[in-house]
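Asks: Below is the file model34.cif, with mmCIF, C-alpha atoms and all ligand atoms.
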```cif
data_query
loop_
_atom_site.label_atom_id
_atom_site.label_comp_id
_atom_site.auth_asym_id
_atom_site.auth_seq_id
_atom_site.Cartn_x
_atom_site.Cartn_y
_atom_site.Cartn_z
CA MET A 1 -4.84 -16.71 19.00
CA SER A 2 -7.16 -18.58 16.65
CA ARG A 3 -6.79 -16.41 13.56
CA CYS A 4 -5.50 -18.08 10.39
CA ILE A 5 -4.03 -16.01 7.56
CA SER A 6 -3.15 -16.10 3.87
CA VAL A 7 -0.25 -13.78 3.10
CA LEU A 8 -0.22 -12.45 -0.47
CA GLY A 9 3.27 -11.15 -1.13
CA SER A 10 4.95 -12.97 1.76
CA THR A 11 8.58 -12.43 0.70
CA GLY A 12 8.32 -8.62 0.50
CA SER A 13 8.96 -6.26 3.38
CA ILE A 14 5.39 -6.28 4.77
CA GLY A 15 5.04 -10.03 4.11
CA ARG A 16 8.16 -10.89 6.11
CA GLN A 17 7.12 -8.64 8.97
CA THR A 18 3.66 -10.23 8.90
CA LEU A 19 5.21 -13.67 9.43
CA ASP A 20 7.26 -12.23 12.28
CA VAL A 21 4.09 -10.85 13.92
CA ALA A 22 2.15 -14.08 13.23
CA GLN A 23 4.81 -16.07 15.04
CA THR A 24 4.70 -13.73 18.05
CA LEU A 25 0.90 -13.85 18.16
CA GLY A 26 0.63 -17.59 17.50
CA VAL A 27 -1.41 -16.93 14.34
CA ARG A 28 -1.52 -19.86 11.90
CA VAL A 29 -0.46 -19.32 8.26
CA ALA A 30 -2.49 -21.19 5.63
CA ALA A 31 -1.05 -19.78 2.42
CA LEU A 32 2.01 -17.90 1.19
CA THR A 33 2.45 -16.25 -2.22
CA ALA A 34 5.33 -14.50 -3.96
CA ASN A 35 6.31 -13.43 -7.45
CA THR A 36 9.46 -15.33 -8.47
CA GLY A 37 11.60 -15.91 -5.36
CA VAL A 38 11.98 -19.69 -5.07
CA ASP A 39 14.66 -19.66 -2.33
CA ALA A 40 12.82 -17.17 -0.13
CA LEU A 41 9.44 -18.86 -0.46
CA GLU A 42 10.90 -22.33 0.12
CA ALA A 43 12.51 -21.13 3.37
CA GLN A 44 9.21 -19.58 4.52
CA CYS A 45 7.30 -22.77 3.63
CA ARG A 46 9.68 -24.88 5.69
CA ALA A 47 9.33 -22.46 8.63
CA VAL A 48 5.53 -22.05 8.74
CA GLN A 49 4.26 -25.13 6.80
CA PRO A 50 1.29 -23.59 4.98
CA GLU A 51 -1.18 -25.78 3.10
CA LEU A 52 -0.76 -23.72 -0.11
CA ALA A 53 2.28 -21.98 -1.65
CA VAL A 54 2.02 -19.87 -4.80
CA LEU A 55 4.66 -18.43 -7.10
CA TYR A 56 3.21 -16.14 -9.74
CA ASP A 57 5.89 -17.21 -12.22
CA GLU A 58 5.05 -20.64 -13.69
CA ALA A 59 8.64 -21.92 -14.11
CA ALA A 60 9.55 -20.79 -10.58
CA ALA A 61 6.46 -22.58 -9.24
CA GLN A 62 7.57 -25.83 -10.91
CA GLU A 63 10.98 -25.47 -9.27
CA LEU A 64 9.38 -24.83 -5.87
CA LYS A 65 7.13 -27.86 -6.29
CA ALA A 66 10.16 -30.08 -6.91
CA ARG A 67 11.97 -28.66 -3.87
CA LEU A 68 8.97 -29.12 -1.57
CA ALA A 69 8.34 -32.72 -2.68
CA ASP A 70 9.15 -33.92 0.87
CA MET A 71 6.40 -31.73 2.37
CA ASN A 72 2.62 -31.84 2.25
CA ILE A 73 2.21 -28.41 0.61
CA ARG A 74 0.13 -27.72 -2.52
CA VAL A 75 2.01 -25.49 -4.99
CA GLU A 76 0.21 -23.34 -7.57
CA SER A 77 1.10 -20.52 -9.96
CA GLY A 78 -0.25 -17.46 -11.79
CA MET A 79 -3.37 -15.43 -11.07
CA ALA A 80 -5.28 -18.68 -10.46
CA GLY A 81 -2.84 -19.43 -7.64
CA LEU A 82 -3.22 -15.95 -6.13
CA LEU A 83 -7.01 -16.29 -6.24
CA ALA A 84 -6.81 -19.74 -4.60
CA ALA A 85 -4.73 -18.25 -1.78
CA ALA A 86 -7.21 -15.35 -1.42
CA GLU A 87 -10.21 -17.69 -1.18
CA LEU A 88 -8.62 -20.52 0.82
CA PRO A 89 -11.30 -21.85 3.22
CA ALA A 90 -8.81 -22.43 6.06
CA ALA A 91 -7.88 -18.72 6.24
CA ASP A 92 -10.18 -16.17 7.88
CA THR A 93 -7.88 -13.21 7.09
CA VAL A 94 -6.00 -12.26 3.95
CA VAL A 95 -3.00 -9.96 4.23
CA THR A 96 -2.70 -8.20 0.86
CA ALA A 97 0.97 -7.27 0.80
CA VAL A 98 1.61 -7.56 -2.94
CA SER A 99 2.80 -4.37 -4.60
CA GLY A 100 0.71 -2.83 -7.36
CA MET A 101 -2.50 -3.23 -9.33
CA ILE A 102 -1.89 -7.00 -9.51
CA GLY A 103 -3.46 -7.17 -6.03
CA LEU A 104 -6.89 -6.03 -7.20
CA ARG A 105 -8.49 -9.32 -8.31
CA PRO A 106 -7.21 -11.35 -5.34
CA THR A 107 -8.48 -8.65 -2.96
CA LEU A 108 -11.95 -8.76 -4.55
CA SER A 109 -11.95 -12.59 -4.34
CA ALA A 110 -11.05 -12.47 -0.67
CA ILE A 111 -13.85 -9.95 -0.06
CA ARG A 112 -16.38 -12.18 -1.83
CA ALA A 113 -15.18 -15.09 0.31
CA LYS A 114 -15.99 -12.81 3.33
CA LYS A 115 -12.42 -12.77 4.64
CA ARG A 116 -11.06 -9.99 6.82
CA ILE A 117 -8.71 -7.98 4.61
CA ALA A 118 -5.53 -6.71 6.27
CA LEU A 119 -4.94 -4.21 3.49
CA ALA A 120 -1.34 -3.41 2.62
CA ASN A 121 -1.90 -3.00 -1.13
CA LYS A 122 -2.86 0.66 -1.56
CA GLU A 123 -2.90 0.48 -5.37
CA THR A 124 -6.07 -1.62 -5.14
CA LEU A 125 -7.98 1.18 -3.44
CA VAL A 126 -6.46 3.81 -5.69
CA CYS A 127 -7.46 2.05 -8.93
CA ALA A 128 -10.88 0.76 -8.00
CA GLY A 129 -11.56 1.87 -4.44
CA GLU A 130 -15.24 2.62 -4.98
CA LEU A 131 -15.83 -0.92 -6.33
CA VAL A 132 -13.74 -2.56 -3.61
CA MET A 133 -15.48 -0.68 -0.76
CA ARG A 134 -18.94 -1.34 -2.25
CA GLU A 135 -18.23 -5.07 -2.46
CA ALA A 136 -16.79 -5.13 1.05
CA ALA A 137 -20.02 -3.56 2.38
CA GLN A 138 -22.15 -5.95 0.32
CA TYR A 139 -20.32 -9.08 1.51
CA GLY A 140 -19.74 -7.83 5.04
CA ALA A 141 -15.96 -8.18 4.69
CA GLU A 142 -13.92 -6.07 7.12
CA ILE A 143 -11.09 -4.01 5.66
CA ILE A 144 -8.45 -3.12 8.24
CA PRO A 145 -5.68 -0.90 6.87
CA VAL A 146 -2.04 -1.86 7.40
CA ASP A 147 -0.57 1.27 5.80
CA SER A 148 0.82 3.12 8.85
CA GLU A 149 -1.04 6.39 8.15
CA HIS A 150 -4.37 4.69 7.54
CA SER A 151 -3.94 2.46 10.56
CA ALA A 152 -3.31 5.61 12.61
CA ILE A 153 -6.52 7.17 11.29
CA PHE A 154 -8.40 3.91 11.86
CA GLN A 155 -7.23 4.02 15.49
CA CYS A 156 -8.15 7.70 15.91
CA LEU A 157 -11.64 6.94 14.56
CA MET A 158 -12.25 3.93 16.81
CA GLY A 159 -14.49 5.90 19.17
CA CYS A 160 -16.17 7.98 16.45
CA ARG A 161 -19.82 7.04 15.86
CA ASP A 162 -20.64 9.75 13.33
CA ARG A 163 -18.28 10.30 10.38
CA GLY A 164 -19.94 13.72 9.93
CA GLU A 165 -18.00 14.87 13.00
CA VAL A 166 -14.71 14.56 11.10
CA ARG A 167 -13.45 17.92 9.86
CA ARG A 168 -10.39 16.47 8.13
CA LEU A 169 -7.84 13.70 8.07
CA ILE A 170 -4.20 14.76 8.22
CA LEU A 171 -1.77 12.25 6.75
CA THR A 172 1.83 12.67 7.83
CA CYS A 173 4.60 12.33 5.29
CA SER A 174 8.30 11.86 6.05
CA GLY A 175 9.21 13.92 2.97
CA GLY A 176 11.50 11.13 1.76
CA PRO A 177 15.23 11.37 1.02
CA PHE A 178 14.91 14.52 -1.14
CA PHE A 179 13.00 16.77 1.27
CA GLY A 180 13.76 20.47 0.77
CA MET A 181 15.32 20.05 -2.67
CA THR A 182 14.48 22.15 -5.73
CA ARG A 183 13.53 20.74 -9.13
CA ALA A 184 17.05 21.47 -10.37
CA GLU A 185 18.51 19.43 -7.52
CA LEU A 186 16.03 16.61 -8.12
CA ALA A 187 16.88 16.33 -11.81
CA GLY A 188 20.08 14.36 -11.28
CA LYS A 189 18.80 11.97 -8.62
CA THR A 190 19.52 8.30 -9.33
CA ARG A 191 17.94 4.98 -8.40
CA ALA A 192 20.46 4.55 -5.55
CA ASP A 193 19.70 8.06 -4.18
CA ALA A 194 15.94 7.39 -4.27
CA LEU A 195 16.24 4.04 -2.50
CA ARG A 196 17.87 5.64 0.57
CA HIS A 197 14.80 6.38 2.72
CA PRO A 198 15.54 8.17 6.02
CA ASN A 199 13.02 6.45 8.33
CA TRP A 200 11.37 3.36 6.84
CA THR A 201 12.75 0.18 5.31
CA MET A 202 10.41 -0.82 2.48
CA GLY A 203 10.26 -2.38 -0.98
CA ALA A 204 11.81 -0.56 -3.97
CA LYS A 205 8.56 0.60 -5.61
CA ILE A 206 7.12 2.27 -2.50
CA THR A 207 10.51 3.76 -1.60
CA VAL A 208 10.66 5.52 -4.97
CA ASP A 209 7.03 6.62 -4.47
CA SER A 210 8.11 8.10 -1.12
CA ALA A 211 10.92 10.03 -2.84
CA THR A 212 8.54 11.53 -5.45
CA LEU A 213 5.75 12.02 -2.84
CA MET A 214 3.48 9.99 -5.15
CA ASN A 215 3.15 7.66 -2.16
CA LYS A 216 1.41 10.43 -0.21
CA GLY A 217 -0.78 11.19 -3.22
CA LEU A 218 -1.81 7.54 -3.46
CA GLU A 219 -2.42 7.52 0.29
CA ILE A 220 -4.70 10.57 0.07
CA ILE A 221 -6.83 8.64 -2.45
CA GLU A 222 -6.62 5.50 -0.30
CA ALA A 223 -7.90 7.49 2.71
CA MET A 224 -10.76 9.04 0.67
CA ARG A 225 -11.93 5.53 -0.30
CA LEU A 226 -11.42 3.87 3.10
CA TYR A 227 -13.19 6.61 5.04
CA ASP A 228 -15.60 7.80 2.32
CA LEU A 229 -14.48 11.44 2.51
CA PRO A 230 -14.01 14.06 -0.24
CA LEU A 231 -10.58 15.36 -1.24
CA SER A 232 -11.32 18.61 0.63
CA LYS A 233 -11.27 16.67 3.92
CA VAL A 234 -7.98 14.81 3.40
CA THR A 235 -4.67 16.67 3.65
CA ALA A 236 -0.97 15.84 4.05
CA VAL A 237 1.78 17.47 6.11
CA ILE A 238 5.50 16.83 6.10
CA HIS A 239 6.60 15.37 9.44
CA ARG A 240 10.25 14.38 9.16
CA GLN A 241 10.42 12.31 12.35
CA SER A 242 7.79 9.67 11.35
CA ILE A 243 6.56 9.48 14.95
CA VAL A 244 3.07 10.94 14.54
CA HIS A 245 1.62 8.43 12.06
CA SER A 246 -1.42 10.59 11.17
CA LEU A 247 -4.17 12.65 12.77
CA VAL A 248 -7.90 13.27 12.71
CA GLU A 249 -9.33 16.73 13.33
CA PHE A 250 -12.94 16.76 14.56
CA CYS A 251 -15.62 19.43 14.13
CA ASP A 252 -15.14 20.73 17.70
CA GLY A 253 -11.45 21.38 17.00
CA ALA A 254 -10.17 18.32 18.89
CA MET A 255 -7.30 16.60 17.15
CA LEU A 256 -6.38 12.97 17.80
CA ALA A 257 -3.10 11.45 16.68
CA GLN A 258 -1.44 8.05 16.91
CA LEU A 259 2.24 8.04 17.82
CA GLY A 260 4.77 5.25 17.77
CA THR A 261 8.17 4.20 16.50
CA PRO A 262 8.26 3.80 12.71
CA ASP A 263 7.77 0.01 12.72
CA MET A 264 5.18 -1.69 10.52
CA ARG A 265 4.74 -4.56 12.96
CA LEU A 266 2.38 -2.38 15.03
CA PRO A 267 -0.21 -1.75 12.27
CA ILE A 268 0.19 -5.33 11.00
CA SER A 269 -0.44 -6.71 14.48
CA LEU A 270 -3.52 -4.53 15.01
CA ALA A 271 -4.99 -5.61 11.66
CA LEU A 272 -4.75 -9.23 12.83
CA THR A 273 -5.96 -8.76 16.42
CA TYR A 274 -8.53 -5.93 16.07
CA PRO A 275 -10.59 -5.08 18.10
CA ALA A 276 -8.08 -6.40 20.64
CA ARG A 277 -4.51 -5.19 21.06
CA ARG A 278 -1.64 -7.53 21.86
CA GLU A 279 2.01 -7.28 22.91
CA ASN A 280 4.11 -6.53 19.87
CA PRO A 281 7.82 -6.97 18.99
CA ALA A 282 8.06 -3.35 17.75
CA PRO A 283 10.23 -1.27 20.15
CA PRO A 284 8.13 1.14 22.27
CA LEU A 285 8.38 4.89 21.71
CA ASP A 286 10.45 6.68 24.36
CA LEU A 287 8.97 10.20 24.56
CA LEU A 288 11.90 11.52 26.58
CA SER A 289 14.46 10.66 23.90
CA CYS A 290 12.17 11.65 21.04
CA PRO A 291 13.37 14.43 18.67
CA ALA A 292 11.29 17.63 18.44
CA LEU A 293 8.21 17.03 16.31
CA THR A 294 7.92 19.34 13.29
CA PHE A 295 5.21 19.85 10.65
CA ARG A 296 5.60 21.57 7.25
CA GLN A 297 3.62 22.17 4.08
CA PRO A 298 4.65 19.80 1.23
CA ASP A 299 6.21 21.47 -1.85
CA GLU A 300 3.91 20.46 -4.71
CA ASP A 301 5.91 22.44 -7.28
CA ALA A 302 9.10 20.47 -6.78
CA PHE A 303 7.24 17.22 -6.02
CA SER A 304 4.55 17.46 -8.67
CA CYS A 305 3.42 13.81 -8.29
CA LEU A 306 1.52 14.89 -5.18
CA ARG A 307 -0.34 17.55 -7.15
CA LEU A 308 -1.06 15.10 -9.98
CA ALA A 309 -2.54 12.63 -7.50
CA LYS A 310 -4.82 15.32 -6.11
CA GLN A 311 -5.88 16.22 -9.66
CA ALA A 312 -6.77 12.59 -10.33
CA ALA A 313 -8.65 12.37 -7.03
CA ALA A 314 -10.65 15.49 -7.94
CA ALA A 315 -11.36 14.23 -11.47
CA GLY A 316 -12.67 10.84 -10.29
CA GLY A 317 -13.78 7.97 -12.58
CA THR A 318 -10.81 6.13 -14.07
CA ALA A 319 -8.39 9.05 -13.50
CA CYS A 320 -6.89 7.42 -10.38
CA ALA A 321 -6.37 4.09 -12.22
CA VAL A 322 -4.57 6.02 -14.99
CA LEU A 323 -2.45 7.88 -12.42
CA ASN A 324 -1.48 4.64 -10.72
CA GLY A 325 -0.86 2.62 -13.90
CA ALA A 326 1.34 5.35 -15.37
CA ASN A 327 3.22 5.67 -12.09
CA GLU A 328 3.84 1.91 -11.80
CA ALA A 329 5.17 1.81 -15.37
CA ALA A 330 7.33 4.92 -14.92
CA VAL A 331 8.76 3.78 -11.57
CA GLY A 332 9.58 0.43 -13.22
CA LEU A 333 11.56 2.27 -15.91
CA PHE A 334 13.26 4.47 -13.30
CA LEU A 335 14.30 1.38 -11.30
CA GLN A 336 15.77 -0.04 -14.53
CA GLU A 337 17.66 3.28 -14.88
CA ARG A 338 16.01 3.96 -18.24
CA ILE A 339 14.43 7.30 -17.25
CA GLY A 340 15.37 10.10 -14.86
CA PHE A 341 13.73 11.01 -11.57
CA LEU A 342 11.72 13.99 -12.86
CA GLN A 343 10.51 11.96 -15.84
CA ILE A 344 8.32 9.89 -13.51
CA ALA A 345 6.03 12.89 -12.92
CA GLU A 346 6.28 13.91 -16.58
CA ALA A 347 5.13 10.44 -17.67
CA VAL A 348 2.21 10.42 -15.25
CA ASP A 349 1.15 13.92 -16.31
CA GLU A 350 1.23 12.99 -19.99
CA ALA A 351 -0.69 9.72 -19.48
CA MET A 352 -3.37 11.60 -17.53
CA GLN A 353 -3.78 13.99 -20.44
CA ARG A 354 -3.77 11.30 -23.13
CA VAL A 355 -5.92 8.52 -21.69
CA PRO A 356 -9.61 9.49 -21.86
CA ARG A 357 -11.43 9.47 -18.54
CA GLU A 358 -14.42 7.16 -18.10
CA ALA A 359 -16.90 6.43 -15.33
CA LEU A 360 -15.57 3.66 -13.08
CA ASP A 361 -18.38 1.14 -13.59
CA SER A 362 -16.53 -2.17 -13.44
CA LEU A 363 -13.29 -3.94 -12.67
CA GLU A 364 -12.69 -4.28 -16.42
CA THR A 365 -12.96 -0.50 -16.90
CA ALA A 366 -10.32 0.05 -14.20
CA GLU A 367 -8.05 -2.58 -15.73
CA ARG A 368 -8.44 -1.08 -19.21
CA ALA A 369 -7.55 2.40 -17.93
CA ASP A 370 -4.52 0.91 -16.16
CA ALA A 371 -3.37 -0.85 -19.35
CA LEU A 372 -3.81 2.30 -21.49
CA ALA A 373 -1.83 4.35 -18.98
CA ARG A 374 1.05 1.85 -19.00
CA GLU A 375 0.97 1.82 -22.79
CA ALA A 376 1.13 5.63 -22.89
CA VAL A 377 4.26 5.56 -20.71
CA ARG A 378 5.92 2.89 -22.83
CA ALA A 379 5.07 4.79 -26.01
CA LYS A 380 6.62 7.97 -24.59
CA PHE A 381 9.97 6.45 -23.66
CA LEU A 382 10.46 3.22 -25.59
CA ARG A 383 9.68 4.16 -29.19
MG MG A 401 2.16 4.74 4.36
#
```
Would you mind writing the file's structure down as structure tokens?
Ligand code: MG
Replies:
Amino acid sequence: MSRCISVLGSTGSIGRQTLDVAQTLGVRVAALTANTGVDALEAQCRAVQPELAVLYDEAAAQELKARLADMNIRVESGMAGLLAAAELPAADTVVTAVSGMIGLRPTLSAIRAKKRIALANKETLVCAGELVMREAAQYGAEIIPVDSEHSAIFQCLMGCRDRGEVRRLILTCSGGPFFGMTRAELAGKTRADALRHPNWTMGAKITVDSATLMNKGLEIIEAMRLYDLPLSKVTAVIHRQSIVHSLVEFCDGAMLAQLGTPDMRLPISLALTYPARRENPAPPLDLLSCPALTFRQPDEDAFSCLRLAKQAAAAGGTACAVLNGANEAAVGLFLQERIGFLQIAEAVDEAMQRVPREALDSLETAERADALAREAVRAKFLR
């Protein structure tokens, strides 16, 4: 296959699986980026020989440069490095697998360079989705979702010519490790408890988001932006088996779903090969040994992050950037074991009340709202 990719966030879970898929498909890799992991990025560079390698951390980048002295690989650092990887002329596709708001500027750069975006950075669409989608339309850049739910919806919509025929999108949600628990039971949950996800192996931040159900809240907003639908047309159901990856209900009552084993290599592969499909290393789904498929209403009282996300989605403007910024800061503190599990939702709620909402008119407005939200969380816990 002739596609050539830049992978932003190549040492994370999605990044590593992307390289696995790229090898299977014979896709070339032009650039790799990571945050601080010198050992991991060096090993990937030696395996795929990109033309550019980026470590966000300056000192780590210097170390990588010294280690790769025997190879013909340019090494860069910081946001400038991420932007260089996003715009690299050799790549026609950029896989945005970095975690968090940090992915926003590189994603916009890749769009302006008319790359296909294999989007695995949901925070970008949550914080500034209207801006990102407007620019993608303006520059004619394709955005193909990698998030399993949004890939499922993308697949269910492949034959749909009129978006007006969609009655609603139904995102499935595993429920995470704490499904069925009350607030009292959730209060004592630790970092180790939250990182034990039943069905998916993922990075720490998204695994905590799955435990609080904030992940599903962020995904509702992501779906609203990707498919230009109001909150009233995007819902979530708990589906413990993670086999139905999401559904679309049409105006005539027909419902289409995409099923498969819970393996991110399928959506990653499709984002690289679309509109074609290719053989994929993910194990096929065996219907005959499949558990019974169940669907339940999420409990927004116990898992209030989901309700907060819907509130932000309904409020619009910078509310979603505030929601996301506060959540990133609070999850960071939870992962450092400085705050409790229920304090994540508390922090997000308080930031949403304290940071004034503005119209989302520019990237700078979104970034300012994000910064104020993080500051509100720090002020609450780290006085
Ligand atoms: Mg997902």
Asks: Neighbouring residues of ligand MG 401 (chain A) are defined here as those with any atom at most 10 Å from a ligand atom, counting all atoms listed in the file; list them as a list of chain:residue names.
Replies: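 Using all atoms listed in the file, everything at most 10 Å from ligand MG 401 (chain A) comes to A:Ala120, A:Lys122, A:Pro145, A:Val146, A:Asp147, A:Ser148, A:Glu149, A:His150, A:Ser151, A:Ala152, A:Leu171, A:Thr172, A:Cys173, A:Ser174, A:Trp200, A:Ile206, A:Ser210, A:Asn215, A:Lys216, A:Leu218, A:Glu219, A:Ile220, A:Glu222, A:His245, A:Ser246, A:Met264.
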Asks: I need the residue nearest Leu55 in chain A from this list: A:Glu42, A:Glu328, A:Glu142, A:Asp299. Use all atoms listed in the file for the distance.
Replies: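 Selected residue with least distance to Leu55 in chain A: A:Glu42.
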Asks: Counting all atoms listed in the file, select every polymer residue within 10 Å of (-21.1, -11.8, 1.3) as defined in the file's coordinates, and provide the selection as a list in words.
Replies: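 With a cut-off of 10 Å, the residues come to Ile111, Arg112, Ala113, Lys114, Lys115, Glu135, Ala136, Ala137, Gln138, Tyr139, Gly140 and Ala141 of chain A.
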Asks: Restricting the output to C-alpha atoms, write the selected residues as a JSON list (two decimals), keeping the file's coordinate frame.
Replies:
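Now in out18.json:
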```json
[["chain", "number", "residue", "atom", "x", "y", "z"],
["A", 111, "ILE", "CA", -13.85, -9.95, -0.06],
["A", 112, "ARG", "CA", -16.38, -12.18, -1.83],
["A", 113, "ALA", "CA", -15.18, -15.09, 0.31],
["A", 114, "LYS", "CA", -15.99, -12.81, 3.33],
["A", 115, "LYS", "CA", -12.42, -12.77, 4.64],
["A", 135, "GLU", "CA", -18.23, -5.07, -2.46],
["A", 136, "ALA", "CA", -16.79, -5.13, 1.05],
["A", 137, "ALA", "CA", -20.02, -3.56, 2.38],
["A", 138, "GLN", "CA", -22.15, -5.95, 0.32],
["A", 139, "TYR", "CA", -20.32, -9.08, 1.51],
["A", 140, "GLY", "CA", -19.74, -7.83, 5.04],
["A", 141, "ALA", "CA", -15.96, -8.18, 4.69]]
```
Asks: Using all atoms listed in the file, find the one residue out of A:Val21, A:Leu108, A:Cys305, A:Leu157 that sits nearest to Glu346 in chain A.
Replies: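 Checking each of A:Val21, A:Leu108, A:Cys305, A:Leu157 against Glu346 in chain A, counting all atoms listed in the file, the winner is A:Cys305.
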Asks: Name the closest residue to Glu367 in chain A among the candidates A:Ser232, A:Thr124, A:Ser304, A:Ser13; distances are taken between atoms, counting only C-alpha atoms.
Replies: A:Thr124
Asks: Given the choices A:Ile14, A:Leu323, A:Leu19, A:Met181, which gets closest to Asp263 in chain A if the distance is worked out from all atoms listed in the file?
Replies: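 Closest to Asp263 in chain A, using all atoms listed in the file: A:Ile14.
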Asks: Give me the residues within 9 Å of Ala257 in chain A as an NGL selection string, counting all atoms listed in the file and dropping any in the same chain fewer than 4 places off.
Replies: :A and (152-153 or 155-156 or 244-249)
Asks: Hey, what's within 6 Å of Ala31 in chain A if we count all atoms listed in the file and toss same-chain stuff fewer than 4 positions away? As a list in words, please?
Replies: Ser6, Pro50, Leu52, Ala53 and Ala85 of chain A
Asks: Any idea what's packed within 8 Å of Ile221 in chain A, counting only C-alpha atoms, ignoring anything in its chain fewer than 3 positions away? Could you give it as number ranges by chain?
Replies: A: 125-126, 217-218, 224-225, 231, 309-310, 313
Asks: Rounded to one decimal in Å, what is the spacing between CA of Glu63 in chain A and CA of Pro106 in chain A?
Replies: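 Taking CA of Glu63 in chain A as the start and CA of Pro106 in chain A as the end point, the length is 23.4 Å.
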Asks: Looking at A:Arg105, A:Ala369, A:Glu58, A:Ala236, which one is nearest to Val75 in chain A, with distances taken over all atoms listed in the file?
Replies: A:Glu58
Asks: Between CA of Ala69 in chain A and CA of Ala40 in chain A, what is the distance, to one decimal in Å?
Replies: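 Pair CA of Ala69 in chain A / CA of Ala40 in chain A returns 16.4 Å.
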